[in-house]
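Accompanying notes for the structure given below.
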Amino acid sequence: MNFNAITALALLSSLITVKPLIAAENTNQSVSKPPIALVAPLSGAFQPLGQQLLSGAELAMNDQPFLVLDDACSADGGKTAAQKIIENNIKIVSGFLCSEALEAALPLLNQHKIPVIAVGVPELTLYEVRSPNEQPALRLTLGSEREAKAIANVLVKQWHNKPVAIIDDGTIEGREAAAKVNTELRERGLIPIFTDTYRPGLANQSALITRLKKAGATHIFIGGQRDDIAAIGNSAKALKYDLEIAAGSQLDAAKTNPDILQGTFMIAPVEPSKQKNAATLIAQLEDMQILPEEMTILSYASIEIAQQALSKAEAEKLSAQEILTEQTFNTVIGTFQFDQRGQRRDNPYKLQVYDGNDFTLYTP
């Protein structure tokens, strides 16, 4: 899920009543010295998403104590959380939805060699970029560079002999996504015949379709939001121009009216709730009347990783950090391995096609 989607979801979810939050200073958690801490925004605009992290962690911990800290999605909150983690001799930290909080926490946590499993911050923080010799956070999600490479690998295989266009909506997010995919495609020998920036927010994109038709492009990658991708697809359909459309994780958003065309491709990770291994957890959440949100499931998986790492570290007499970057972890959303830079070794990006209602894995 991209940051814009997280922001929109937080604002929408702020209207929903959530159960009372756990505050570390109001419990006996600091006395019991639990080995795992969860850092999440449990106040402010992102509180509903923080609650999702907390719900997932609570289920994964299964009544075992763990330290819960509110970072409020701020640098001050992240620094304060890190100080409390150090004071409580925590071994592994999970959570973090905002880069500001993570960036402030990491220098302190690195001093004490306390590893972090970041649930919702895919990109490296400035601290990590400027301190390449320091231990970065381990990430469950991939950043934009890895996304562009994954998209390009799929498109080269699917469109290697097709007239391809790349367009974007002119926003920072859309322009960067399109530019990175363009670069990756060119490095693989697939040269787009047409690039352009379209005006977002228009219900009718016939002028754009006319330009695409004139250029001869029949396959198009779009760096833009779902509503614009829907408008482009429907405008092409109205003009009877056969256009194959693909986009990245921006398509993983609420349905629009009119919606994207059946047959639209998305290259993105499969939603956690659709993972086969997550079926039992989904049923458990539904029985508890908790929505199986992405952040809840990711948080559950991160705690599974933390628990396995601590168990293996104790058994093998190694540090948790060594275990985390050397071994394999089985979770409700699949198997994870991390490299020395905290990045996933696998590629979760899959080619999916819209069937008119939902995205499903594409099989030629």
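Here's how to read the names in the structure tokens: chain A, B, ... by the order shown, residue numbers from 1 in each chain, ligand numbers from 1 in the order shown.
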Next item on the list: Determine which residues of region 210-330 of chain A DSSP labels as strand (DSSP E) from the backbone of this structure, then write them out as a PyMOL selection string.
Entry: chain A and resi 219-223+244-247+265-269+329-330
Next item on the list: Would you mind writing down, as JSON, numbers by chain, each residue of region 110-178 of chain A that DSSP on the backbone assigns to helix (DSSP H, G or I)?
Entry: {"A": [110, 111, 126, 127, 128, 129, 130, 144, 145, 146, 147, 148, 149, 150, 151, 152, 153, 154, 155, 156, 157, 158, 159, 172, 173, 174, 175, 176, 177, 178]}
Based on the selection just made, write N, CA and C atoms of those residues as a PDB file, in the first residue's frame.
ATOM      1  N   ASN A 110      20.123   1.287  17.108  1.00  0.00           N
ATOM      2  CA  ASN A 110      21.341   0.694  16.553  1.00  0.00           C
ATOM      3  C   ASN A 110      22.494   0.717  17.550  1.00  0.00           C
ATOM      4  N   GLN A 111      22.529   1.764  18.377  1.00  0.00           N
ATOM      5  CA  GLN A 111      23.582   1.836  19.397  1.00  0.00           C
ATOM      6  C   GLN A 111      23.525   0.644  20.338  1.00  0.00           C
ATOM      7  N   LEU A 126      16.400   8.778   5.600  1.00  0.00           N
ATOM      8  CA  LEU A 126      17.636   9.530   5.342  1.00  0.00           C
ATOM      9  C   LEU A 126      18.779   9.022   6.214  1.00  0.00           C
ATOM     10  N   TYR A 127      18.452   8.654   7.437  1.00  0.00           N
ATOM     11  CA  TYR A 127      19.487   8.119   8.333  1.00  0.00           C
ATOM     12  C   TYR A 127      20.102   6.860   7.737  1.00  0.00           C
ATOM     13  N   GLU A 128      19.292   5.974   7.195  1.00  0.00           N
ATOM     14  CA  GLU A 128      19.809   4.740   6.619  1.00  0.00           C
ATOM     15  C   GLU A 128      20.618   5.000   5.356  1.00  0.00           C
ATOM     16  N   VAL A 129      20.174   5.962   4.560  1.00  0.00           N
ATOM     17  CA  VAL A 129      20.910   6.302   3.341  1.00  0.00           C
ATOM     18  C   VAL A 129      22.271   6.895   3.682  1.00  0.00           C
ATOM     19  N   ARG A 130      22.301   7.753   4.700  1.00  0.00           N
ATOM     20  CA  ARG A 130      23.539   8.443   5.078  1.00  0.00           C
ATOM     21  C   ARG A 130      24.445   7.596   5.956  1.00  0.00           C
ATOM     22  N   SER A 144      10.276   1.644  -3.867  1.00  0.00           N
ATOM     23  CA  SER A 144       9.945   1.956  -5.261  1.00  0.00           C
ATOM     24  C   SER A 144      10.969   1.418  -6.260  1.00  0.00           C
ATOM     25  N   GLU A 145      12.246   1.341  -5.859  1.00  0.00           N
ATOM     26  CA  GLU A 145      13.264   0.831  -6.784  1.00  0.00           C
ATOM     27  C   GLU A 145      13.009  -0.646  -7.087  1.00  0.00           C
ATOM     28  N   ARG A 146      12.750  -1.428  -6.043  1.00  0.00           N
ATOM     29  CA  ARG A 146      12.468  -2.842  -6.247  1.00  0.00           C
ATOM     30  C   ARG A 146      11.157  -3.029  -7.005  1.00  0.00           C
ATOM     31  N   GLU A 147      10.174  -2.163  -6.735  1.00  0.00           N
ATOM     32  CA  GLU A 147       8.899  -2.251  -7.446  1.00  0.00           C
ATOM     33  C   GLU A 147       9.110  -2.030  -8.938  1.00  0.00           C
ATOM     34  N   ALA A 148       9.900  -1.004  -9.296  1.00  0.00           N
ATOM     35  CA  ALA A 148      10.139  -0.707 -10.708  1.00  0.00           C
ATOM     36  C   ALA A 148      10.832  -1.875 -11.407  1.00  0.00           C
ATOM     37  N   LYS A 149      11.796  -2.479 -10.736  1.00  0.00           N
ATOM     38  CA  LYS A 149      12.495  -3.622 -11.326  1.00  0.00           C
ATOM     39  C   LYS A 149      11.530  -4.793 -11.539  1.00  0.00           C
ATOM     40  N   ALA A 150      10.676  -5.027 -10.541  1.00  0.00           N
ATOM     41  CA  ALA A 150       9.718  -6.133 -10.648  1.00  0.00           C
ATOM     42  C   ALA A 150       8.737  -5.888 -11.783  1.00  0.00           C
ATOM     43  N   ILE A 151       8.248  -4.655 -11.891  1.00  0.00           N
ATOM     44  CA  ILE A 151       7.310  -4.310 -12.971  1.00  0.00           C
ATOM     45  C   ILE A 151       7.971  -4.482 -14.325  1.00  0.00           C
ATOM     46  N   ALA A 152       9.205  -3.983 -14.447  1.00  0.00           N
ATOM     47  CA  ALA A 152       9.910  -4.075 -15.729  1.00  0.00           C
ATOM     48  C   ALA A 152      10.141  -5.529 -16.127  1.00  0.00           C
ATOM     49  N   ASN A 153      10.497  -6.359 -15.169  1.00  0.00           N
ATOM     50  CA  ASN A 153      10.726  -7.777 -15.477  1.00  0.00           C
ATOM     51  C   ASN A 153       9.467  -8.431 -16.044  1.00  0.00           C
ATOM     52  N   VAL A 154       8.317  -8.090 -15.465  1.00  0.00           N
ATOM     53  CA  VAL A 154       7.051  -8.643 -15.945  1.00  0.00           C
ATOM     54  C   VAL A 154       6.709  -8.101 -17.324  1.00  0.00           C
ATOM     55  N   LEU A 155       6.840  -6.789 -17.503  1.00  0.00           N
ATOM     56  CA  LEU A 155       6.441  -6.171 -18.769  1.00  0.00           C
ATOM     57  C   LEU A 155       7.322  -6.614 -19.931  1.00  0.00           C
ATOM     58  N   VAL A 156       8.608  -6.783 -19.675  1.00  0.00           N
ATOM     59  CA  VAL A 156       9.499  -7.251 -20.744  1.00  0.00           C
ATOM     60  C   VAL A 156       9.070  -8.639 -21.203  1.00  0.00           C
ATOM     61  N   LYS A 157       8.689  -9.466 -20.276  1.00  0.00           N
ATOM     62  CA  LYS A 157       8.254 -10.822 -20.621  1.00  0.00           C
ATOM     63  C   LYS A 157       6.922 -10.801 -21.381  1.00  0.00           C
ATOM     64  N   GLN A 158       6.002  -9.915 -20.942  1.00  0.00           N
ATOM     65  CA  GLN A 158       4.673  -9.863 -21.546  1.00  0.00           C
ATOM     66  C   GLN A 158       4.632  -9.051 -22.847  1.00  0.00           C
ATOM     67  N   TRP A 159       5.421  -7.984 -22.890  1.00  0.00           N
ATOM     68  CA  TRP A 159       5.305  -7.021 -23.985  1.00  0.00           C
ATOM     69  C   TRP A 159       6.598  -6.882 -24.793  1.00  0.00           C
ATOM     70  N   ILE A 172       4.375  13.783  -8.081  1.00  0.00           N
ATOM     71  CA  ILE A 172       5.694  13.253  -7.743  1.00  0.00           C
ATOM     72  C   ILE A 172       5.666  11.732  -7.756  1.00  0.00           C
ATOM     73  N   GLU A 173       4.662  11.158  -7.134  1.00  0.00           N
ATOM     74  CA  GLU A 173       4.559   9.702  -7.058  1.00  0.00           C
ATOM     75  C   GLU A 173       4.404   9.082  -8.446  1.00  0.00           C
ATOM     76  N   GLY A 174       3.478   9.619  -9.237  1.00  0.00           N
ATOM     77  CA  GLY A 174       3.229   9.064 -10.555  1.00  0.00           C
ATOM     78  C   GLY A 174       4.397   9.235 -11.497  1.00  0.00           C
ATOM     79  N   ARG A 175       4.992  10.438 -11.467  1.00  0.00           N
ATOM     80  CA  ARG A 175       6.118  10.713 -12.357  1.00  0.00           C
ATOM     81  C   ARG A 175       7.320   9.833 -12.018  1.00  0.00           C
ATOM     82  N   GLU A 176       7.611   9.656 -10.731  1.00  0.00           N
ATOM     83  CA  GLU A 176       8.740   8.835 -10.336  1.00  0.00           C
ATOM     84  C   GLU A 176       8.510   7.365 -10.687  1.00  0.00           C
ATOM     85  N   ALA A 177       7.287   6.890 -10.486  1.00  0.00           N
ATOM     86  CA  ALA A 177       6.981   5.501 -10.821  1.00  0.00           C
ATOM     87  C   ALA A 177       7.182   5.258 -12.307  1.00  0.00           C
ATOM     88  N   ALA A 178       6.654   6.151 -13.141  1.00  0.00           N
ATOM     89  CA  ALA A 178       6.781   5.998 -14.591  1.00  0.00           C
ATOM     90  C   ALA A 178       8.237   6.104 -15.036  1.00  0.00           C
TER      91      ALA A 178
END
With only C-alpha atoms as the counted atoms, please give the residues lying no more than 12 Å from Pro269 (chain A), apart from itself and same-chain residues fewer than 4 positions off, as an mmCIF file with C-alpha atoms, in the first residue's frame.
data_model
loop_
_atom_site.group_PDB
_atom_site.id
_atom_site.type_symbol
_atom_site.label_atom_id
_atom_site.label_comp_id
_atom_site.auth_asym_id
_atom_site.auth_seq_id
_atom_site.Cartn_x
_atom_site.Cartn_y
_atom_site.Cartn_z
ATOM 1 C CA MET A 1 0.000 0.000 0.000
ATOM 2 C CA ASN A 2 1.525 3.371 -0.947
ATOM 3 C CA LEU A 140 8.192 -6.535 4.964
ATOM 4 C CA THR A 141 7.371 -4.361 1.946
ATOM 5 C CA LEU A 142 9.564 -3.305 -0.980
ATOM 6 C CA ARG A 146 12.468 -2.842 -6.247
ATOM 7 C CA GLU A 147 8.899 -2.251 -7.446
ATOM 8 C CA ALA A 150 9.718 -6.133 -10.648
ATOM 9 C CA ILE A 151 7.310 -4.310 -12.971
ATOM 10 C CA GLY A 248 1.551 -0.831 -10.226
ATOM 11 C CA SER A 249 0.230 -0.944 -6.690
ATOM 12 C CA GLN A 250 -1.705 2.330 -7.201
ATOM 13 C CA LEU A 251 -4.459 0.112 -8.562
ATOM 14 C CA ASP A 252 -4.806 -1.467 -5.137
ATOM 15 C CA SER A 273 -5.903 -11.433 3.024
ATOM 16 C CA LYS A 274 -5.751 -13.504 -0.201
ATOM 17 C CA GLN A 275 -2.732 -15.527 0.863
ATOM 18 C CA GLU A 294 -3.600 -5.381 5.404
ATOM 19 C CA ILE A 333 1.713 -14.475 4.363
ATOM 20 C CA GLY A 334 4.504 -16.717 3.190
ATOM 21 C CA ASP A 346 12.161 -12.851 -2.579
ATOM 22 C CA ASN A 347 10.038 -10.925 -5.057
ATOM 23 C CA PRO A 348 6.394 -10.696 -3.924
ATOM 24 C CA TYR A 349 5.294 -8.773 -7.036
ATOM 25 C CA LYS A 350 2.931 -10.802 -9.204
ATOM 26 C CA LEU A 351 1.083 -10.126 -12.447
ATOM 27 C CA GLN A 352 -2.619 -9.882 -11.661
ATOM 28 C CA PHE A 359 -7.640 -8.878 -9.126
ATOM 29 C CA THR A 360 -6.581 -12.484 -9.606
ATOM 30 C CA LEU A 361 -3.240 -14.030 -10.534
#
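If you count only C-alpha atoms and ignore residues fewer than 3 places along the chain from Ala165 (chain A), what sits within 9 Å of it is Ile191, Pro192, Ile193, Phe194, Thr195, Asp196, Leu212, Ala215, Ala217, Thr218, His219, Ile220, Phe221 and Ile222 of chain A.
Ranking A:Glu293, A:Asp227, A:Asp259, A:Asp358 by their shortest atom-to-atom distance to Leu54 (chain A), with only C-alpha atoms included, puts A:Glu293 first.
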Next item on the list: Counting only C-alpha atoms, figure out which residue out of A:Asn133, A:Asn204, A:Thr325, A:Thr280 gets nearest to Gln340 (chain A).
Entry: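 Of the candidates, the smallest distance to Gln340 (chain A) is held by A:Thr325.
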Counting only C-alpha atoms, what are the residues of region 316-356 of chain A within 12 Å of region 88-93 of chain A, and for each of them which pair of atoms is the nearest and at what distance in Å, to one decimal? Sort the table by chain and rising number, as a tab-separated table.
residue	atom	partner	partner_atom	distance
A:Ser319	CA	A:Lys91	CA	9.1
A:Ala320	CA	A:Lys91	CA	7.2
A:Gln321	CA	A:Ile92	CA	8.5
A:Glu322	CA	A:Ile92	CA	12.0
A:Ile323	CA	A:Ile92	CA	11.4
A:Leu324	CA	A:Ile92	CA	10.0
